[in-house]
>>> print(open('my_file-v8.pdb').read())   # PDB, C-alpha atoms
ATOM      1  CA  MET A   1     -51.521-126.824  52.178
ATOM      2  CA  MET A   2     -50.276-123.237  52.024
ATOM      3  CA  ARG A   3     -50.133-123.289  48.222
ATOM      4  CA  PHE A   4     -53.742-124.416  48.173
ATOM      5  CA  LEU A   5     -54.862-121.749  50.612
ATOM      6  CA  ARG A   6     -53.043-118.955  48.819
ATOM      7  CA  ARG A   7     -54.746-119.934  45.589
ATOM      8  CA  LEU A   8     -58.090-120.234  47.310
ATOM      9  CA  PHE A   9     -58.115-116.808  48.927
ATOM     10  CA  GLY A  10     -55.628-114.812  46.867
ATOM     11  CA  ARG A  11     -56.939-115.451  43.394
ATOM     12  CA  LYS A  12     -58.421-112.502  41.455
ATOM     13  CA  ARG A  13     -61.773-113.078  39.831
ATOM     14  CA  ALA A  14     -61.450-113.043  36.049
ATOM     15  CA  SER A  15     -64.082-111.977  33.566
ATOM     16  CA  GLY A  16     -64.503-111.274  29.887
ATOM     17  CA  GLY A  17     -65.553-112.914  26.653
ATOM     18  CA  LYS A  18     -62.280-114.729  26.085
ATOM     19  CA  ARG A  19     -62.510-116.517  29.435
ATOM     20  CA  GLU A  20     -66.133-117.497  28.767
ATOM     21  CA  GLN A  21     -65.228-118.895  25.344
ATOM     22  CA  GLN A  22     -62.445-120.991  26.880
ATOM     23  CA  GLY A  23     -64.900-122.250  29.495
ATOM     24  CA  GLU A  24     -67.367-123.362  26.830
ATOM     25  CA  VAL A  25     -64.676-125.334  25.025
ATOM     26  CA  SER A  26     -63.584-126.939  28.284
ATOM     27  CA  SER A  27     -67.156-127.887  29.149
ATOM     28  CA  ALA A  28     -67.574-129.725  25.859
ATOM     29  CA  GLU A  29     -64.467-131.791  26.546
ATOM     30  CA  ALA A  30     -65.154-132.109  30.273
ATOM     31  CA  ALA A  31     -68.106-134.491  29.892
ATOM     32  CA  ARG A  32     -65.981-136.995  27.997
ATOM     33  CA  ARG A  33     -63.200-136.762  30.553
ATOM     34  CA  ALA A  34     -65.651-137.139  33.430
ATOM     35  CA  GLU A  35     -66.970-140.363  31.930
ATOM     36  CA  ALA A  36     -63.391-141.646  31.630
ATOM     37  CA  PHE A  37     -62.749-140.861  35.275
ATOM     38  CA  TRP A  38     -65.866-142.617  36.553
ATOM     39  CA  ARG A  39     -65.112-145.729  34.502
ATOM     40  CA  ARG A  40     -61.665-145.843  36.080
ATOM     41  CA  TRP A  41     -63.115-145.182  39.536
ATOM     42  CA  GLU A  42     -65.376-148.217  39.219
ATOM     43  CA  GLU A  43     -62.343-150.334  38.305
ATOM     44  CA  LEU A  44     -60.318-149.047  41.250
ATOM     45  CA  LEU A  45     -63.102-149.080  43.828
ATOM     46  CA  PRO A  46     -62.454-152.612  45.193
ATOM     47  CA  GLU A  47     -58.782-151.785  45.752
ATOM     48  CA  VAL A  48     -59.656-148.401  47.270
ATOM     49  CA  GLY A  49     -62.034-150.116  49.691
ATOM     50  CA  SER A  50     -59.379-152.668  50.614
ATOM     51  CA  ALA A  51     -56.764-149.974  51.248
ATOM     52  CA  LEU A  52     -59.165-148.000  53.428
ATOM     53  CA  GLY A  53     -60.147-151.133  55.320
ATOM     54  CA  ASP A  54     -56.472-151.857  55.989
ATOM     55  CA  GLY A  55     -55.908-148.314  57.208
ATOM     56  CA  GLU A  56     -53.467-147.659  54.338
ATOM     57  CA  PRO A  57     -55.231-145.200  51.999
ATOM     58  CA  GLN A  58     -51.885-143.832  50.838
ATOM     59  CA  ARG A  59     -51.165-146.961  48.841
ATOM     60  CA  MET A  60     -53.827-145.863  46.351
ATOM     61  CA  ASP A  61     -52.641-142.263  46.071
ATOM     62  CA  HIS A  62     -50.702-142.708  42.837
ATOM     63  CA  ARG A  63     -53.392-144.641  41.010
ATOM     64  CA  LEU A  64     -56.123-142.251  42.111
ATOM     65  CA  ALA A  65     -53.981-139.312  41.039
ATOM     66  CA  GLU A  66     -53.679-140.905  37.606
ATOM     67  CA  ALA A  67     -57.450-141.318  37.480
ATOM     68  CA  VAL A  68     -58.049-137.684  38.439
ATOM     69  CA  ALA A  69     -55.541-136.621  35.767
ATOM     70  CA  LEU A  70     -57.870-138.188  33.201
ATOM     71  CA  LEU A  71     -60.257-135.392  34.157
ATOM     72  CA  HIS A  72     -57.593-132.673  34.368
ATOM     73  CA  PRO A  73     -54.000-132.856  35.680
ATOM     74  CA  SER A  74     -54.344-129.651  37.727
ATOM     75  CA  LEU A  75     -57.228-130.890  39.874
ATOM     76  CA  ASN A  76     -56.689-132.009  43.463
ATOM     77  CA  PHE A  77     -58.430-134.853  45.233
ATOM     78  CA  SER A  78     -58.822-136.288  48.695
ATOM     79  CA  ILE A  79     -60.750-138.978  50.500
ATOM     80  CA  GLU A  80     -62.405-137.547  53.593
ATOM     81  CA  ARG A  81     -64.777-138.750  56.251
ATOM     82  CA  GLY A  82     -68.261-138.336  54.828
ATOM     83  CA  ARG A  83     -71.077-136.308  56.286
ATOM     84  CA  ASP A  84     -73.857-138.777  55.422
ATOM     85  CA  ALA A  85     -71.788-141.672  54.045
ATOM     86  CA  VAL A  86     -68.741-143.361  55.523
ATOM     87  CA  TYR A  87     -66.366-141.778  52.989
ATOM     88  CA  ALA A  88     -66.361-138.712  50.754
ATOM     89  CA  LEU A  89     -64.412-138.423  47.527
ATOM     90  CA  VAL A  90     -63.511-134.764  46.929
ATOM     91  CA  VAL A  91     -62.227-133.524  43.576
ATOM     92  CA  THR A  92     -61.596-129.799  43.651
ATOM     93  CA  SER A  93     -60.652-127.042  41.237
ATOM     94  CA  GLN A  94     -59.222-125.040  44.159
ATOM     95  CA  ALA A  95     -61.451-122.121  43.157
ATOM     96  CA  ASP A  96     -59.792-121.874  39.734
ATOM     97  CA  PRO A  97     -62.501-120.743  37.265
ATOM     98  CA  GLU A  98     -60.674-122.332  34.325
ATOM     99  CA  LEU A  99     -60.941-125.753  36.000
ATOM    100  CA  ARG A 100     -64.525-125.369  37.182
ATOM    101  CA  PRO A 101     -66.083-126.891  34.001
ATOM    102  CA  TYR A 102     -64.244-130.130  34.744
ATOM    103  CA  THR A 103     -65.433-130.413  38.342
ATOM    104  CA  ASP A 104     -68.953-129.432  37.253
ATOM    105  CA  ALA A 105     -68.959-132.253  34.687
ATOM    106  CA  TRP A 106     -67.427-134.643  37.210
ATOM    107  CA  LYS A 107     -70.123-133.895  39.773
ATOM    108  CA  ALA A 108     -72.918-134.108  37.201
ATOM    109  CA  ALA A 109     -71.753-137.575  36.139
ATOM    110  CA  ALA A 110     -71.143-138.855  39.676
ATOM    111  CA  PRO A 111     -73.011-141.928  40.930
ATOM    112  CA  GLU A 112     -75.818-141.452  43.402
ATOM    113  CA  PRO A 113     -74.389-141.280  46.931
ATOM    114  CA  ASP A 114     -74.993-144.285  49.137
ATOM    115  CA  SER A 115     -74.178-145.343  52.672
ATOM    116  CA  LEU A 116     -70.524-145.882  51.796
ATOM    117  CA  TRP A 117     -69.600-143.046  49.395
ATOM    118  CA  GLU A 118     -70.581-139.460  48.735
ATOM    119  CA  TYR A 119     -68.989-137.048  46.268
ATOM    120  CA  HIS A 120     -68.045-133.361  46.542
ATOM    121  CA  ASP A 121     -66.621-130.935  43.986
ATOM    122  CA  ALA A 122     -65.273-128.661  46.722
ATOM    123  CA  VAL A 123     -63.832-129.216  50.175
ATOM    124  CA  PRO A 124     -66.786-128.954  52.572
ATOM    125  CA  PRO A 125     -66.649-127.065  55.864
ATOM    126  CA  VAL A 126     -65.862-128.831  59.106
ATOM    127  CA  PRO A 127     -69.125-129.356  61.034
ATOM    128  CA  ASP A 128     -67.701-127.660  64.138
ATOM    129  CA  PRO A 129     -64.351-125.945  63.532
ATOM    130  CA  THR A 130     -64.058-125.038  67.214
ATOM    131  CA  GLU A 131     -63.409-128.727  67.907
ATOM    132  CA  VAL A 132     -60.366-128.751  65.592
ATOM    133  CA  THR A 133     -56.807-128.466  66.903
ATOM    134  CA  VAL A 134     -53.899-127.594  64.612
ATOM    135  CA  ASN A 135     -50.486-129.082  65.357
ATOM    136  CA  LEU A 136     -47.473-126.956  64.401
ATOM    137  CA  HIS A 137     -44.028-128.265  65.328
ATOM    138  CA  GLY A 138     -45.505-130.442  68.028
ATOM    139  CA  LYS A 139     -47.492-127.672  69.696
ATOM    140  CA  ARG A 140     -51.285-127.629  69.680
ATOM    141  CA  TYR A 141     -53.336-124.599  68.659
ATOM    142  CA  PRO A 142     -57.077-125.074  69.259
ATOM    143  CA  LEU A 143     -59.290-123.264  66.794
ATOM    144  CA  ASP A 144     -61.806-122.458  69.501
ATOM    145  CA  GLU A 145     -59.369-119.690  70.462
ATOM    146  CA  VAL A 146     -59.546-118.079  67.026
ATOM    147  CA  ARG A 147     -61.410-114.781  66.765
ATOM    148  CA  VAL A 148     -62.385-113.084  63.524
ATOM    149  CA  ALA A 149     -63.314-109.461  62.875
ATOM    150  CA  ALA A 150     -65.314-109.162  59.656
ATOM    151  CA  GLN A 151     -66.243-106.145  57.552
ATOM    152  CA  PHE A 152     -68.594-106.435  54.581
ATOM    153  CA  ASP A 153     -67.624-104.477  51.476
ATOM    154  CA  GLU A 154     -70.891-103.803  49.641
ATOM    155  CA  ASN A 155     -69.154-102.640  46.466
ATOM    156  CA  ARG A 156     -67.307-105.935  46.079
ATOM    157  CA  SER A 157     -69.854-108.146  47.892
ATOM    158  CA  LEU A 158     -66.914-109.586  49.829
ATOM    159  CA  VAL A 159     -66.074-109.914  53.498
ATOM    160  CA  ASP A 160     -62.685-108.563  54.584
ATOM    161  CA  VAL A 161     -61.403-110.255  57.725
ATOM    162  CA  ALA A 162     -58.790-109.940  60.436
ATOM    163  CA  VAL A 163     -57.955-113.230  62.152
ATOM    164  CA  TYR A 164     -56.514-113.473  65.655
ATOM    165  CA  HIS A 165     -55.138-116.367  67.695
ATOM    166  CA  PRO A 166     -53.290-115.871  70.991
ATOM    167  CA  GLY A 167     -50.580-118.235  69.730
ATOM    168  CA  PHE A 168     -49.589-116.004  66.803
ATOM    169  CA  ALA A 169     -46.831-114.315  68.781
ATOM    170  CA  GLU A 170     -44.763-117.497  69.056
ATOM    171  CA  LEU A 171     -45.054-118.477  65.371
ATOM    172  CA  ASP A 172     -42.972-117.513  62.372
ATOM    173  CA  HIS A 173     -44.505-115.880  59.291
ATOM    174  CA  ALA A 174     -45.396-119.074  57.419
ATOM    175  CA  GLU A 175     -46.930-120.661  60.500
ATOM    176  CA  ARG A 176     -48.988-117.542  61.269
ATOM    177  CA  GLU A 177     -50.194-117.578  57.679
ATOM    178  CA  ALA A 178     -51.252-121.206  58.040
ATOM    179  CA  LEU A 179     -53.082-120.514  61.290
ATOM    180  CA  THR A 180     -54.751-117.488  59.690
ATOM    181  CA  PHE A 181     -56.141-119.168  56.584
ATOM    182  CA  LEU A 182     -56.844-122.688  57.801
ATOM    183  CA  PRO A 183     -59.624-121.652  60.238
ATOM    184  CA  LEU A 184     -61.392-119.714  57.478
ATOM    185  CA  HIS A 185     -61.272-122.663  55.115
ATOM    186  CA  ALA A 186     -62.380-125.128  57.796
ATOM    187  CA  THR A 187     -65.233-122.851  58.858
ATOM    188  CA  LEU A 188     -66.662-121.878  55.477
ATOM    189  CA  GLY A 189     -65.628-124.645  53.117
ATOM    190  CA  GLU A 190     -63.932-124.069  49.793
ATOM    191  CA  LYS A 191     -66.825-122.639  47.769
ATOM    192  CA  LEU A 192     -68.168-120.136  50.268
ATOM    193  CA  ALA A 193     -64.668-118.985  51.197
ATOM    194  CA  ALA A 194     -63.689-118.466  47.563
ATOM    195  CA  ASP A 195     -66.912-116.597  46.816
ATOM    196  CA  ARG A 196     -67.061-114.365  49.868
ATOM    197  CA  ILE A 197     -63.668-113.795  51.480
ATOM    198  CA  GLY A 198     -61.847-110.670  50.338
ATOM    199  CA  ARG A 199     -58.796-109.282  52.115
ATOM    200  CA  VAL A 200     -57.344-111.385  54.921
ATOM    201  CA  GLU A 201     -55.122-109.964  57.643
ATOM    202  CA  THR A 202     -53.320-111.583  60.550
ATOM    203  CA  ALA A 203     -54.120-109.582  63.684
ATOM    204  CA  GLU A 204     -51.371-109.196  66.263
ATOM    205  CA  SER A 205     -53.879-108.250  68.961
ATOM    206  CA  LEU A 206     -57.536-109.038  69.480
ATOM    207  CA  PRO A 207     -59.569-106.833  67.118
ATOM    208  CA  GLU A 208     -62.669-105.000  68.229
ATOM    209  CA  ASN A 209     -65.958-106.774  67.548
ATOM    210  CA  ALA A 210     -64.193-110.071  66.872
ATOM    211  CA  VAL A 211     -66.309-113.224  67.124
ATOM    212  CA  ASP A 212     -65.684-116.952  67.297
ATOM    213  CA  LEU A 213     -65.657-119.136  64.180
ATOM    214  CA  LEU A 214     -69.231-120.387  64.474
ATOM    215  CA  SER A 215     -70.612-116.859  64.784
ATOM    216  CA  PHE A 216     -68.427-115.799  61.858
ATOM    217  CA  ARG A 217     -69.831-118.628  59.722
ATOM    218  CA  GLU A 218     -73.397-117.584  60.514
ATOM    219  CA  HIS A 219     -72.552-114.016  59.507
ATOM    220  CA  VAL A 220     -71.009-114.971  56.150
ATOM    221  CA  ARG A 221     -73.781-117.431  55.320
ATOM    222  CA  ALA A 222     -76.409-114.790  56.080
ATOM    223  CA  ILE A 223     -74.715-112.385  53.659
ATOM    224  CA  ALA A 224     -74.546-115.071  50.988
ATOM    225  CA  GLU A 225     -78.212-115.971  51.417
ATOM    226  CA  GLN A 226     -79.258-112.313  51.178
ATOM    227  CA  ASP A 227     -77.431-112.086  47.857
ATOM    228  CA  GLY A 228     -79.019-115.292  46.651
ATOM    229  CA  SER A 229     -75.733-117.186  46.599
ATOM    230  CA  PRO A 230     -76.097-120.993  46.503
ATOM    231  CA  GLY A 231     -73.126-121.283  48.839
ATOM    232  CA  GLY A 232     -75.007-119.780  51.746
ATOM    233  CA  ALA A 233     -76.552-122.925  53.181
ATOM    234  CA  ALA A 234     -75.514-125.584  50.710
ATOM    235  CA  GLU A 235     -72.364-126.620  52.530
ATOM    236  CA  SER A 236     -73.792-126.805  56.016
TER
END
>>> encode(input="my_file-v8.pdb", output="structure tokens")
Amino acid sequence: MMRFLRRLFGRKRASGGKREQQGEVSSAEAARRAEAFWRRWEELLPEVGSALGDGEPQRMDHRLAEAVALLHPSLNFSIERGRDAVYALVVTSQADPELRPYTDAWKAAAPEPDSLWEYHDAVPPVPDPTEVTVNLHGKRYPLDEVRVAAQFDENRSLVDVAVYHPGFAELDHAEREALTFLPLHATLGEKLAADRIGRVETAESLPENAVDLLSFREHVRAIAEQDGSPGGAAES
């Protein structure tokens, strides 16, 4: 989880002609790979449904990982509870721009969602992050106690944040890092967080003007909508 979150929030945005040329090449290949994935998904779907029905989704992990590798071996996947369907299949580039052509092609070739399955190319936000509780070494840390101070940097069009939880004092560095980044990811979802979060600090004391996670989400979405970003309301 921490590797994922560090990549999500710590990655520098790349630009330049060379990167664009690589992306175009990847996009041409991505459509073929996406078709290969979806053919394999259709073959595996009965077994996936059986494993989920038995409450043993992990027994399909290896075979699904092989299927996702047909698209690209660096992509991550998960099966989540759906927002409109029973289940959601998520295949994510983890905000890596070099992998984005593959998830774009995957999403474009996805079947129409139905009552059982929906498909996402990024981890969506939790509907209400204040209802989430994180367990670290057997102790519970409710996210409704998280407070975030946000400052918008107009030059970078990013939001720098300081995150506070009253339980930080009893955690080691890695655990504080987890409890700093996880609320941001749960609140904003992968795409909006990758697009809009800049510097992230762990606050040892409650910052001035700090707000709860739901108010923070409204603030970041409003900024994204003002800039015309598709991530503003798309992941609600």
>>> residues_around(input="my_file-v8.pdb", residues="range 148-152 of chain A", least_positions_apart="5", cutoff="8 Å", atoms="all atoms listed in the file", output="list in words")
Ser157, Leu158, Val159, Asp160, Val161, Ala162, Val163, Tyr164, Pro207, Glu208, Asn209, Ala210, Val211, Asp212, Leu213 and Phe216 of chain A
>>> atom_distance(input="my_file-v8.pdb", atom1="CA of Pro125 in chain A", atom2="CA of Thr187 in chain A")
5.4 Å
>>> atom_distance(input="my_file-v8.pdb", atom1="CA of His120 in chain A", atom2="CA of Leu64 in chain A")
15.5 Å
>>> resolve_selection(input="my_file-v8.pdb", expression="the PyMOL selection byres ((chain A and resi 86) around 7)", output="number ranges by chain")
A: 81-82, 84-85, 87, 115-117
>>> resolve_selection(input="my_file-v8.pdb", expression="the PyMOL selection byres ((chain A and resi 128) around 10)", output="list in words")
Pro125, Val126, Pro127, Pro129, Thr130, Glu131, Val132, Leu143, Asp144, Ala186, Thr187, Leu213 and Leu214 of chain A
>>> closest_atom_pairs(input="my_file-v8.pdb", of="range 67-179 of chain A", to="range 37-42 of chain A", cutoff="7 Å", atoms="all atoms listed in the file", output="CSV")
residue,atom,partner,partner_atom,distance
A:Ala67,CA,A:Phe37,CA,5.8
A:Val68,CA,A:Phe37,CA,6.5
A:Leu70,CA,A:Phe37,CA,5.9
A:Leu71,CA,A:Phe37,CA,6.1
>>> residues_around(input="my_file-v8.pdb", residues="Asp61 in chain A", least_positions_apart="4", cutoff="10 Å", atoms="all atoms listed in the file", output="CSV table (one decimal) with C-alpha atoms, in the coordinates of the input")
chain,number,residue,atom,x,y,z
A,48,VAL,CA,-59.7,-148.4,47.3
A,56,GLU,CA,-53.5,-147.7,54.3
A,57,PRO,CA,-55.2,-145.2,52.0
A,65,ALA,CA,-54.0,-139.3,41.0
A,66,GLU,CA,-53.7,-140.9,37.6
A,67,ALA,CA,-57.4,-141.3,37.5
A,77,PHE,CA,-58.4,-134.9,45.2
A,78,SER,CA,-58.8,-136.3,48.7
A,79,ILE,CA,-60.8,-139.0,50.5
>>> atom_distance(input="my_file-v8.pdb", atom1="CA of Leu182 in chain A", atom2="CA of Asp121 in chain A")
18.8 Å
>>> closest_residue(input="my_file-v8.pdb", among="A:Val220, A:Ala109, A:Val123, A:Val91", to="Arg33 in chain A", atoms="only C-alpha atoms")
A:Ala109
>>> resolve_selection(input="my_file-v8.pdb", expression="the PyMOL selection byres ((chain A and resi 169-172) around 12)", output="VMD selection string")
chain A and resid 135 to 137 139 to 141 164 to 168 173 to 180 202 to 206
>>> closest_residue(input="my_file-v8.pdb", among="A:Asp114, A:Glu190, A:Glu35, A:Asp153", to="Tyr102 in chain A", atoms="only C-alpha atoms")
A:Glu35
